>>> print(open('protein-v2.cif').read())   # mmCIF, N, CA, C and O atoms
data_model
#
loop_
_atom_site.label_atom_id
_atom_site.label_comp_id
_atom_site.auth_asym_id
_atom_site.auth_seq_id
_atom_site.Cartn_x
_atom_site.Cartn_y
_atom_site.Cartn_z
N MET A 1 108.84 129.14 106.93
CA MET A 1 108.37 128.49 108.13
C MET A 1 107.61 129.52 108.95
O MET A 1 107.94 130.70 108.95
N PRO A 2 106.58 129.07 109.66
CA PRO A 2 105.79 130.00 110.47
C PRO A 2 106.63 130.63 111.59
O PRO A 2 107.61 130.06 112.05
N THR A 3 106.22 131.80 112.03
CA THR A 3 106.88 132.47 113.14
C THR A 3 106.90 131.54 114.35
O THR A 3 105.91 130.89 114.66
N GLY A 4 108.03 131.47 115.01
CA GLY A 4 108.18 130.61 116.17
C GLY A 4 108.63 129.20 115.84
O GLY A 4 109.05 128.46 116.71
N GLN A 5 108.55 128.82 114.59
CA GLN A 5 109.01 127.49 114.16
C GLN A 5 110.50 127.61 113.86
O GLN A 5 110.90 128.32 112.94
N GLU A 6 111.31 126.93 114.63
CA GLU A 6 112.76 127.06 114.50
C GLU A 6 113.42 125.90 113.76
O GLU A 6 114.48 126.05 113.20
N LYS A 7 112.80 124.74 113.79
CA LYS A 7 113.42 123.55 113.20
C LYS A 7 112.50 122.94 112.15
O LYS A 7 111.30 123.14 112.18
N PHE A 8 113.09 122.21 111.23
CA PHE A 8 112.31 121.54 110.21
C PHE A 8 112.69 120.07 110.14
O PHE A 8 113.78 119.67 110.55
N VAL A 9 111.76 119.27 109.64
CA VAL A 9 111.96 117.84 109.44
C VAL A 9 111.98 117.59 107.94
O VAL A 9 111.15 118.12 107.22
N VAL A 10 112.95 116.80 107.49
CA VAL A 10 113.10 116.50 106.07
C VAL A 10 112.91 115.01 105.85
O VAL A 10 113.44 114.19 106.61
N ILE A 11 112.14 114.66 104.82
CA ILE A 11 112.05 113.27 104.38
C ILE A 11 112.95 113.15 103.16
O ILE A 11 112.72 113.79 102.14
N GLY A 12 113.97 112.34 103.27
CA GLY A 12 114.87 112.07 102.15
C GLY A 12 114.49 110.73 101.55
O GLY A 12 114.80 109.69 102.12
N ASP A 13 113.79 110.75 100.43
CA ASP A 13 113.32 109.53 99.79
C ASP A 13 114.33 109.08 98.74
O ASP A 13 114.56 109.78 97.76
N LEU A 14 114.94 107.93 98.96
CA LEU A 14 115.99 107.44 98.07
C LEU A 14 115.50 106.39 97.08
O LEU A 14 116.32 105.71 96.44
N GLU A 15 114.19 106.29 96.90
CA GLU A 15 113.67 105.32 95.94
C GLU A 15 114.20 105.65 94.55
O GLU A 15 114.15 106.79 94.10
N GLY A 16 114.77 104.66 93.90
CA GLY A 16 115.33 104.86 92.56
C GLY A 16 116.76 105.37 92.57
O GLY A 16 117.35 105.59 91.52
N TRP A 17 117.33 105.53 93.75
CA TRP A 17 118.70 106.02 93.85
C TRP A 17 119.68 104.97 93.37
O TRP A 17 119.50 103.78 93.59
N GLY A 18 120.73 105.41 92.72
CA GLY A 18 121.78 104.51 92.25
C GLY A 18 123.04 105.29 91.97
O GLY A 18 123.05 106.52 92.01
N TYR A 19 124.12 104.59 91.68
CA TYR A 19 125.38 105.27 91.40
C TYR A 19 125.29 106.22 90.22
O TYR A 19 125.92 107.26 90.20
N SER A 20 124.47 105.86 89.24
CA SER A 20 124.39 106.69 88.03
C SER A 20 123.74 108.05 88.29
O SER A 20 123.94 108.98 87.52
N ASN A 21 122.98 108.18 89.36
CA ASN A 21 122.35 109.47 89.65
C ASN A 21 122.76 110.00 91.02
O ASN A 21 122.00 110.67 91.69
N SER A 22 124.00 109.70 91.41
CA SER A 22 124.50 110.20 92.69
C SER A 22 125.68 111.13 92.47
O SER A 22 126.40 111.02 91.49
N ASP A 23 125.84 112.07 93.39
CA ASP A 23 126.93 113.04 93.32
C ASP A 23 127.42 113.29 94.74
O ASP A 23 126.84 114.09 95.47
N ILE A 24 128.47 112.60 95.13
CA ILE A 24 128.97 112.68 96.50
C ILE A 24 129.38 114.10 96.85
O ILE A 24 129.12 114.59 97.94
N ARG A 25 130.01 114.81 95.91
CA ARG A 25 130.41 116.20 96.19
C ARG A 25 129.18 117.07 96.47
O ARG A 25 129.23 117.95 97.32
N ALA A 26 128.09 116.84 95.77
CA ALA A 26 126.87 117.61 96.03
C ALA A 26 126.31 117.28 97.41
O ALA A 26 125.86 118.18 98.13
N TYR A 27 126.35 116.00 97.80
CA TYR A 27 125.86 115.61 99.13
C TYR A 27 126.69 116.31 100.21
O TYR A 27 126.15 116.86 101.16
N LEU A 28 128.01 116.27 100.04
CA LEU A 28 128.89 116.91 101.02
C LEU A 28 128.67 118.43 101.04
O LEU A 28 128.68 119.05 102.11
N GLY A 29 128.45 119.02 99.88
CA GLY A 29 128.18 120.46 99.79
C GLY A 29 126.90 120.83 100.51
O GLY A 29 126.85 121.82 101.26
N ALA A 30 125.85 120.04 100.31
CA ALA A 30 124.57 120.31 100.98
C ALA A 30 124.71 120.17 102.49
O ALA A 30 124.20 121.00 103.26
N LEU A 31 125.43 119.15 102.93
CA LEU A 31 125.65 118.96 104.36
C LEU A 31 126.45 120.12 104.95
O LEU A 31 126.16 120.60 106.05
N THR A 32 127.46 120.59 104.22
CA THR A 32 128.26 121.71 104.69
C THR A 32 127.41 122.96 104.84
O THR A 32 127.51 123.67 105.84
N ILE A 33 126.55 123.23 103.87
CA ILE A 33 125.68 124.41 103.95
C ILE A 33 124.76 124.31 105.17
O ILE A 33 124.63 125.26 105.94
N LEU A 34 124.13 123.15 105.35
CA LEU A 34 123.25 122.97 106.50
C LEU A 34 124.00 123.13 107.82
O LEU A 34 123.54 123.80 108.74
N GLN A 35 125.14 122.50 107.92
CA GLN A 35 125.91 122.51 109.17
C GLN A 35 126.51 123.88 109.47
O GLN A 35 126.52 124.33 110.62
N ASP A 36 127.02 124.57 108.43
CA ASP A 36 127.74 125.82 108.65
C ASP A 36 126.83 127.05 108.69
O ASP A 36 127.12 127.99 109.42
N TYR A 37 125.76 127.05 107.91
CA TYR A 37 124.92 128.24 107.81
C TYR A 37 123.58 128.11 108.52
O TYR A 37 122.94 129.11 108.82
N TYR A 38 123.14 126.90 108.75
CA TYR A 38 121.87 126.65 109.44
C TYR A 38 122.09 125.55 110.48
O TYR A 38 121.44 124.51 110.44
N PRO A 39 123.02 125.77 111.42
CA PRO A 39 123.47 124.67 112.29
C PRO A 39 122.40 124.02 113.15
O PRO A 39 122.47 122.83 113.39
N GLU A 40 121.44 124.75 113.59
CA GLU A 40 120.43 124.15 114.46
C GLU A 40 119.03 124.21 113.88
O GLU A 40 118.05 124.12 114.60
N ARG A 41 118.91 124.38 112.58
CA ARG A 41 117.59 124.43 111.94
C ARG A 41 117.04 123.04 111.65
O ARG A 41 115.84 122.84 111.67
N LEU A 42 117.91 122.09 111.37
CA LEU A 42 117.47 120.74 111.07
C LEU A 42 117.03 120.06 112.35
O LEU A 42 117.81 119.89 113.28
N GLY A 43 115.75 119.68 112.40
CA GLY A 43 115.24 118.94 113.54
C GLY A 43 115.53 117.47 113.38
O GLY A 43 116.02 116.80 114.30
N LYS A 44 115.25 116.97 112.18
CA LYS A 44 115.47 115.55 111.92
C LYS A 44 115.47 115.32 110.41
O LYS A 44 114.73 115.97 109.68
N LEU A 45 116.29 114.37 109.96
CA LEU A 45 116.31 113.93 108.58
C LEU A 45 115.89 112.46 108.58
O LEU A 45 116.59 111.62 109.13
N LEU A 46 114.73 112.19 108.02
CA LEU A 46 114.19 110.83 107.96
C LEU A 46 114.47 110.28 106.56
O LEU A 46 113.90 110.76 105.57
N ILE A 47 115.35 109.31 106.47
CA ILE A 47 115.72 108.75 105.17
C ILE A 47 114.91 107.48 104.93
O ILE A 47 114.96 106.54 105.73
N VAL A 48 114.14 107.49 103.83
CA VAL A 48 113.24 106.38 103.53
C VAL A 48 113.60 105.72 102.21
O VAL A 48 114.29 106.30 101.37
N HIS A 49 113.11 104.49 102.02
CA HIS A 49 113.33 103.70 100.81
C HIS A 49 114.82 103.63 100.46
O HIS A 49 115.23 103.93 99.33
N VAL A 50 115.61 103.23 101.42
CA VAL A 50 117.07 103.20 101.26
C VAL A 50 117.50 101.92 100.54
O VAL A 50 117.32 100.83 101.07
N PRO A 51 118.08 102.05 99.35
CA PRO A 51 118.58 100.85 98.67
C PRO A 51 119.88 100.38 99.34
O PRO A 51 120.65 101.18 99.87
N TYR A 52 120.11 99.10 99.30
CA TYR A 52 121.27 98.52 99.94
C TYR A 52 122.57 99.17 99.48
O TYR A 52 123.46 99.45 100.27
N ILE A 53 122.66 99.46 98.19
CA ILE A 53 123.89 100.00 97.62
C ILE A 53 124.21 101.40 98.16
O ILE A 53 125.36 101.84 98.16
N PHE A 54 123.19 102.11 98.66
CA PHE A 54 123.41 103.44 99.23
C PHE A 54 124.37 103.40 100.42
O PHE A 54 125.12 104.35 100.66
N MET A 55 124.35 102.31 101.16
CA MET A 55 125.16 102.23 102.36
C MET A 55 126.66 102.32 102.05
O MET A 55 127.44 102.76 102.89
N THR A 56 127.07 101.96 100.85
CA THR A 56 128.47 102.11 100.45
C THR A 56 128.83 103.59 100.39
O THR A 56 129.87 104.01 100.92
N VAL A 57 127.99 104.39 99.77
CA VAL A 57 128.22 105.83 99.70
C VAL A 57 128.10 106.45 101.09
O VAL A 57 128.87 107.34 101.46
N TRP A 58 127.16 105.96 101.88
CA TRP A 58 126.96 106.48 103.23
C TRP A 58 128.25 106.36 104.06
O TRP A 58 128.60 107.26 104.81
N LYS A 59 128.96 105.26 103.89
CA LYS A 59 130.21 105.05 104.63
C LYS A 59 131.27 106.09 104.25
O LYS A 59 132.13 106.43 105.06
N ILE A 60 131.20 106.60 103.03
CA ILE A 60 132.14 107.63 102.58
C ILE A 60 131.73 109.00 103.13
O ILE A 60 132.57 109.78 103.58
N VAL A 61 130.44 109.30 103.12
CA VAL A 61 129.93 110.61 103.53
C VAL A 61 129.89 110.76 105.05
O VAL A 61 130.20 111.83 105.59
N TYR A 62 129.56 109.70 105.77
CA TYR A 62 129.33 109.74 107.21
C TYR A 62 130.44 110.41 108.02
O TYR A 62 130.14 111.24 108.89
N PRO A 63 131.72 110.14 107.76
CA PRO A 63 132.77 110.78 108.56
C PRO A 63 132.81 112.30 108.44
O PRO A 63 133.34 112.98 109.32
N PHE A 64 132.25 112.86 107.38
CA PHE A 64 132.27 114.31 107.17
C PHE A 64 131.10 115.02 107.85
O PHE A 64 131.01 116.24 107.82
N ILE A 65 130.20 114.27 108.43
CA ILE A 65 129.01 114.85 109.05
C ILE A 65 129.32 115.22 110.50
O ILE A 65 129.88 114.42 111.25
N ASP A 66 128.94 116.41 110.88
CA ASP A 66 129.09 116.89 112.25
C ASP A 66 128.35 115.96 113.21
O ASP A 66 127.29 115.44 112.88
N ASN A 67 128.90 115.75 114.40
CA ASN A 67 128.29 114.83 115.36
C ASN A 67 126.86 115.21 115.74
O ASN A 67 126.01 114.35 115.91
N ASN A 68 126.57 116.52 115.88
CA ASN A 68 125.20 116.94 116.20
C ASN A 68 124.24 116.59 115.07
O ASN A 68 123.10 116.22 115.31
N THR A 69 124.71 116.71 113.84
CA THR A 69 123.88 116.38 112.69
C THR A 69 123.66 114.87 112.60
O THR A 69 122.56 114.42 112.30
N LYS A 70 124.68 114.09 112.89
CA LYS A 70 124.56 112.63 112.86
C LYS A 70 123.42 112.15 113.75
O LYS A 70 122.70 111.22 113.40
N LYS A 71 123.25 112.79 114.90
CA LYS A 71 122.20 112.40 115.85
C LYS A 71 120.79 112.65 115.29
O LYS A 71 119.83 112.08 115.79
N LYS A 72 120.68 113.49 114.28
CA LYS A 72 119.38 113.87 113.73
C LYS A 72 118.98 113.03 112.51
O LYS A 72 117.90 113.20 111.97
N ILE A 73 119.84 112.13 112.08
CA ILE A 73 119.59 111.32 110.89
C ILE A 73 119.03 109.97 111.30
O ILE A 73 119.61 109.27 112.12
N VAL A 74 117.87 109.63 110.71
CA VAL A 74 117.19 108.37 111.03
C VAL A 74 116.90 107.62 109.74
O VAL A 74 116.29 108.18 108.82
N PHE A 75 117.35 106.38 109.66
CA PHE A 75 116.99 105.52 108.54
C PHE A 75 115.71 104.80 108.92
O PHE A 75 115.64 104.13 109.95
N VAL A 76 114.67 104.96 108.10
CA VAL A 76 113.34 104.43 108.39
C VAL A 76 113.13 103.11 107.65
O VAL A 76 113.29 103.05 106.43
N GLU A 77 112.74 102.09 108.39
CA GLU A 77 112.42 100.79 107.78
C GLU A 77 111.14 100.90 106.97
O GLU A 77 110.18 101.54 107.41
N ASN A 78 111.11 100.25 105.81
CA ASN A 78 109.91 100.30 104.97
C ASN A 78 108.67 99.78 105.68
O ASN A 78 107.59 100.34 105.54
N LYS A 79 108.82 98.74 106.48
CA LYS A 79 107.64 98.16 107.15
C LYS A 79 107.12 99.03 108.28
O LYS A 79 105.99 98.83 108.74
N ARG A 80 107.91 100.03 108.73
CA ARG A 80 107.47 100.93 109.80
C ARG A 80 107.41 102.37 109.31
O ARG A 80 107.48 103.31 110.10
N LEU A 81 107.28 102.55 108.00
CA LEU A 81 107.36 103.87 107.38
C LEU A 81 106.35 104.86 107.97
O LEU A 81 106.73 105.87 108.55
N LYS A 82 105.08 104.57 107.84
CA LYS A 82 104.06 105.52 108.28
C LYS A 82 104.14 105.79 109.77
O LYS A 82 104.12 106.95 110.20
N SER A 83 104.24 104.75 110.58
CA SER A 83 104.26 104.95 112.03
C SER A 83 105.48 105.77 112.47
O SER A 83 105.37 106.62 113.35
N THR A 84 106.61 105.55 111.83
CA THR A 84 107.81 106.31 112.19
C THR A 84 107.68 107.78 111.77
O THR A 84 108.01 108.68 112.55
N LEU A 85 107.19 108.01 110.57
CA LEU A 85 107.03 109.39 110.10
C LEU A 85 106.03 110.16 110.95
O LEU A 85 106.22 111.35 111.23
N LEU A 86 104.97 109.49 111.37
CA LEU A 86 103.94 110.17 112.17
C LEU A 86 104.43 110.53 113.57
O LEU A 86 103.79 111.34 114.25
N GLN A 87 105.55 110.02 113.99
CA GLN A 87 106.11 110.42 115.29
C GLN A 87 106.62 111.86 115.24
O GLN A 87 106.66 112.53 116.27
N ASP A 88 106.98 112.33 114.05
CA ASP A 88 107.56 113.67 113.91
C ASP A 88 106.77 114.60 113.01
O ASP A 88 107.04 115.80 112.99
N ILE A 89 105.85 114.06 112.23
CA ILE A 89 105.12 114.86 111.25
C ILE A 89 103.63 114.64 111.46
O ILE A 89 103.16 113.51 111.50
N ASP A 90 102.88 115.74 111.57
CA ASP A 90 101.44 115.64 111.71
C ASP A 90 100.85 115.01 110.45
O ASP A 90 101.30 115.29 109.34
N GLU A 91 99.84 114.18 110.62
CA GLU A 91 99.23 113.47 109.48
C GLU A 91 98.75 114.43 108.41
O GLU A 91 98.80 114.13 107.22
N SER A 92 98.29 115.61 108.80
CA SER A 92 97.81 116.59 107.82
C SER A 92 98.96 117.17 106.98
O SER A 92 98.72 117.71 105.91
N GLN A 93 100.19 117.06 107.47
CA GLN A 93 101.36 117.59 106.78
C GLN A 93 102.19 116.50 106.10
O GLN A 93 103.15 116.79 105.40
N LEU A 94 101.81 115.25 106.33
CA LEU A 94 102.53 114.13 105.74
C LEU A 94 101.95 113.82 104.36
O LEU A 94 100.74 113.63 104.22
N PRO A 95 102.79 113.80 103.32
CA PRO A 95 102.28 113.53 101.97
C PRO A 95 101.55 112.17 101.88
O PRO A 95 101.91 111.21 102.57
N GLU A 96 100.55 112.14 101.02
CA GLU A 96 99.74 110.92 100.82
C GLU A 96 100.59 109.71 100.47
O GLU A 96 100.27 108.60 100.88
N ILE A 97 101.68 109.90 99.73
CA ILE A 97 102.51 108.77 99.32
C ILE A 97 103.17 108.07 100.51
O ILE A 97 103.65 106.95 100.38
N TYR A 98 103.16 108.74 101.68
CA TYR A 98 103.72 108.14 102.89
C TYR A 98 102.63 107.79 103.90
O TYR A 98 102.92 107.50 105.05
N GLY A 99 101.38 107.85 103.47
CA GLY A 99 100.27 107.49 104.34
C GLY A 99 99.60 108.65 105.04
O GLY A 99 98.74 108.46 105.89
N GLY A 100 99.99 109.87 104.69
CA GLY A 100 99.39 111.06 105.30
C GLY A 100 98.21 111.58 104.49
O GLY A 100 97.67 110.89 103.62
N LYS A 101 97.83 112.82 104.78
CA LYS A 101 96.65 113.41 104.13
C LYS A 101 96.97 114.58 103.21
O LYS A 101 96.06 115.17 102.64
N MET A 102 98.24 114.94 103.06
CA MET A 102 98.59 116.08 102.24
C MET A 102 98.85 115.64 100.80
O MET A 102 99.70 114.79 100.54
N ALA A 103 98.08 116.24 99.89
CA ALA A 103 98.28 115.94 98.47
C ALA A 103 99.51 116.70 97.97
O ALA A 103 99.72 117.86 98.30
N LEU A 104 100.33 116.03 97.20
CA LEU A 104 101.47 116.68 96.60
C LEU A 104 101.05 117.26 95.25
O LEU A 104 100.37 116.60 94.47
N VAL A 105 101.46 118.51 95.00
CA VAL A 105 101.12 119.18 93.76
C VAL A 105 102.42 119.50 93.03
O VAL A 105 103.31 120.14 93.60
N PRO A 106 102.57 119.03 91.80
CA PRO A 106 103.78 119.34 91.05
C PRO A 106 104.00 120.86 91.00
O PRO A 106 103.04 121.62 90.87
N ILE A 107 105.24 121.29 91.13
CA ILE A 107 105.55 122.71 91.21
C ILE A 107 105.01 123.49 90.01
O ILE A 107 104.58 124.62 90.14
N GLN A 108 105.00 122.86 88.84
CA GLN A 108 104.50 123.56 87.65
C GLN A 108 102.98 123.76 87.71
O GLN A 108 102.45 124.60 87.00
N ASP A 109 102.29 123.04 88.58
CA ASP A 109 100.84 123.18 88.72
C ASP A 109 100.43 124.08 89.88
O ASP A 109 99.25 124.32 90.09
N SER A 110 101.41 124.57 90.63
CA SER A 110 101.05 125.37 91.82
C SER A 110 100.86 126.83 91.49
O SER A 110 101.14 127.31 90.47
#
>>> encode(input="protein-v2.cif", output="structure tokens")
Amino acid sequence: MPTGQEKFVVIGDLEGWGYSNSDIRAYLGALTILQDYYPERLGKLLIVHVPYIFMTVWKIVYPFIDNNTKKKIVFVENKRLKSTLLQDIDESQLPEIYGGKMALVPIQDS
């Protein structure tokens, strides 16, 4: 992150998510690392393309999330995807797949 930039925004895209590719212990582990080692680095977590079935797992994970972190989590409606993301992310930094101008390059091609 650039000097002076203290917080980051994360887009959590759950398209294609299902029980067969989920790991609740990994989710809790990632949350613990963020909360315990980087407590105020997360500016916002924007969760997009949320399948209905995810909410069952969310009910299990939610009680383990710190209250300050809970306030930073936003579930984004598909019909308001671009407008919601642009409230926190500059269009030049928003990936094209979400209506922005930044091309995504596969890591093996970078």
>>> resolve_selection(input="protein-v2.cif", expression="the PyMOL selection byres (((chain A and resi 85-93 and name CA) around 12) and name CA)", output="compact mmCIF listing (two decimals) with N, CA, C and O atoms, in the coordinates of the input")
# COMPACT_ATOMS: atom_id res chain seq x y z
N LYS A 7 112.80 124.74 113.79
CA LYS A 7 113.42 123.55 113.20
C LYS A 7 112.50 122.94 112.15
O LYS A 7 111.30 123.14 112.18
N PHE A 8 113.09 122.21 111.23
CA PHE A 8 112.31 121.54 110.21
C PHE A 8 112.69 120.07 110.14
O PHE A 8 113.78 119.67 110.55
N VAL A 9 111.76 119.27 109.64
CA VAL A 9 111.96 117.84 109.44
C VAL A 9 111.98 117.59 107.94
O VAL A 9 111.15 118.12 107.22
N VAL A 10 112.95 116.80 107.49
CA VAL A 10 113.10 116.50 106.07
C VAL A 10 112.91 115.01 105.85
O VAL A 10 113.44 114.19 106.61
N ILE A 11 112.14 114.66 104.82
CA ILE A 11 112.05 113.27 104.38
C ILE A 11 112.95 113.15 103.16
O ILE A 11 112.72 113.79 102.14
N GLY A 12 113.97 112.34 103.27
CA GLY A 12 114.87 112.07 102.15
C GLY A 12 114.49 110.73 101.55
O GLY A 12 114.80 109.69 102.12
N GLY A 43 115.75 119.68 112.40
CA GLY A 43 115.24 118.94 113.54
C GLY A 43 115.53 117.47 113.38
O GLY A 43 116.02 116.80 114.30
N LYS A 44 115.25 116.97 112.18
CA LYS A 44 115.47 115.55 111.92
C LYS A 44 115.47 115.32 110.41
O LYS A 44 114.73 115.97 109.68
N LEU A 45 116.29 114.37 109.96
CA LEU A 45 116.31 113.93 108.58
C LEU A 45 115.89 112.46 108.58
O LEU A 45 116.59 111.62 109.13
N LEU A 46 114.73 112.19 108.02
CA LEU A 46 114.19 110.83 107.96
C LEU A 46 114.47 110.28 106.56
O LEU A 46 113.90 110.76 105.57
N ILE A 47 115.35 109.31 106.47
CA ILE A 47 115.72 108.75 105.17
C ILE A 47 114.91 107.48 104.93
O ILE A 47 114.96 106.54 105.73
N VAL A 48 114.14 107.49 103.83
CA VAL A 48 113.24 106.38 103.53
C VAL A 48 113.60 105.72 102.21
O VAL A 48 114.29 106.30 101.37
N LYS A 72 120.68 113.49 114.28
CA LYS A 72 119.38 113.87 113.73
C LYS A 72 118.98 113.03 112.51
O LYS A 72 117.90 113.20 111.97
N VAL A 74 117.87 109.63 110.71
CA VAL A 74 117.19 108.37 111.03
C VAL A 74 116.90 107.62 109.74
O VAL A 74 116.29 108.18 108.82
N PHE A 75 117.35 106.38 109.66
CA PHE A 75 116.99 105.52 108.54
C PHE A 75 115.71 104.80 108.92
O PHE A 75 115.64 104.13 109.95
N VAL A 76 114.67 104.96 108.10
CA VAL A 76 113.34 104.43 108.39
C VAL A 76 113.13 103.11 107.65
O VAL A 76 113.29 103.05 106.43
N GLU A 77 112.74 102.09 108.39
CA GLU A 77 112.42 100.79 107.78
C GLU A 77 111.14 100.90 106.97
O GLU A 77 110.18 101.54 107.41
N ASN A 78 111.11 100.25 105.81
CA ASN A 78 109.91 100.30 104.97
C ASN A 78 108.67 99.78 105.68
O ASN A 78 107.59 100.34 105.54
N LYS A 79 108.82 98.74 106.48
CA LYS A 79 107.64 98.16 107.15
C LYS A 79 107.12 99.03 108.28
O LYS A 79 105.99 98.83 108.74
N ARG A 80 107.91 100.03 108.73
CA ARG A 80 107.47 100.93 109.80
C ARG A 80 107.41 102.37 109.31
O ARG A 80 107.48 103.31 110.10
N LEU A 81 107.28 102.55 108.00
CA LEU A 81 107.36 103.87 107.38
C LEU A 81 106.35 104.86 107.97
O LEU A 81 106.73 105.87 108.55
N LYS A 82 105.08 104.57 107.84
CA LYS A 82 104.06 105.52 108.28
C LYS A 82 104.14 105.79 109.77
O LYS A 82 104.12 106.95 110.20
N SER A 83 104.24 104.75 110.58
CA SER A 83 104.26 104.95 112.03
C SER A 83 105.48 105.77 112.47
O SER A 83 105.37 106.62 113.35
N THR A 84 106.61 105.55 111.83
CA THR A 84 107.81 106.31 112.19
C THR A 84 107.68 107.78 111.77
O THR A 84 108.01 108.68 112.55
N LEU A 94 101.81 115.25 106.33
CA LEU A 94 102.53 114.13 105.74
C LEU A 94 101.95 113.82 104.36
O LEU A 94 100.74 113.63 104.22
N PRO A 95 102.79 113.80 103.32
CA PRO A 95 102.28 113.53 101.97
C PRO A 95 101.55 112.17 101.88
O PRO A 95 101.91 111.21 102.57
N GLU A 96 100.55 112.14 101.02
CA GLU A 96 99.74 110.92 100.82
C GLU A 96 100.59 109.71 100.47
O GLU A 96 100.27 108.60 100.88
N ILE A 97 101.68 109.90 99.73
CA ILE A 97 102.51 108.77 99.32
C ILE A 97 103.17 108.07 100.51
O ILE A 97 103.65 106.95 100.38
N TYR A 98 103.16 108.74 101.68
CA TYR A 98 103.72 108.14 102.89
C TYR A 98 102.63 107.79 103.90
O TYR A 98 102.92 107.50 105.05
N GLY A 99 101.38 107.85 103.47
CA GLY A 99 100.27 107.49 104.34
C GLY A 99 99.60 108.65 105.04
O GLY A 99 98.74 108.46 105.89
N GLY A 100 99.99 109.87 104.69
CA GLY A 100 99.39 111.06 105.30
C GLY A 100 98.21 111.58 104.49
O GLY A 100 97.67 110.89 103.62
N LYS A 101 97.83 112.82 104.78
CA LYS A 101 96.65 113.41 104.13
C LYS A 101 96.97 114.58 103.21
O LYS A 101 96.06 115.17 102.64
N MET A 102 98.24 114.94 103.06
CA MET A 102 98.59 116.08 102.24
C MET A 102 98.85 115.64 100.80
O MET A 102 99.70 114.79 100.54
N ALA A 103 98.08 116.24 99.89
CA ALA A 103 98.28 115.94 98.47
C ALA A 103 99.51 116.70 97.97
O ALA A 103 99.72 117.86 98.30
N LEU A 104 100.33 116.03 97.20
CA LEU A 104 101.47 116.68 96.60
C LEU A 104 101.05 117.26 95.25
O LEU A 104 100.37 116.60 94.47
>>> select_by_dssp(input="protein-v2.cif", residues="chain A", states="strand (DSSP E or B)", output="number ranges by chain")
A: 8-13, 42-48, 73-75, 95, 102
>>> select_by_dssp(input="protein-v2.cif", residues="range 22-56 of chain A", states="helix (DSSP H, G or I)", output="number ranges by chain")
A: 24-37, 54-56
>>> atom_distance(input="protein-v2.cif", atom1="CA of Lys71 in chain A", atom2="CA of Asp23 in chain A")
23.0 Å
>>> atom_distance(input="protein-v2.cif", atom1="CA of Leu14 in chain A", atom2="CA of Ala26 in chain A")
15.0 Å
>>> atom_distance(input="protein-v2.cif", atom1="atom N of Leu34 in chain A", atom2="atom O of Gly4 in chain A")
19.6 Å
>>> resolve_selection(input="protein-v2.cif", expression="the PyMOL selection byres ((chain A and resi 15) around 6)", output="MDAnalysis selection string")
chainID A and resid 13:14 16:17 48:50
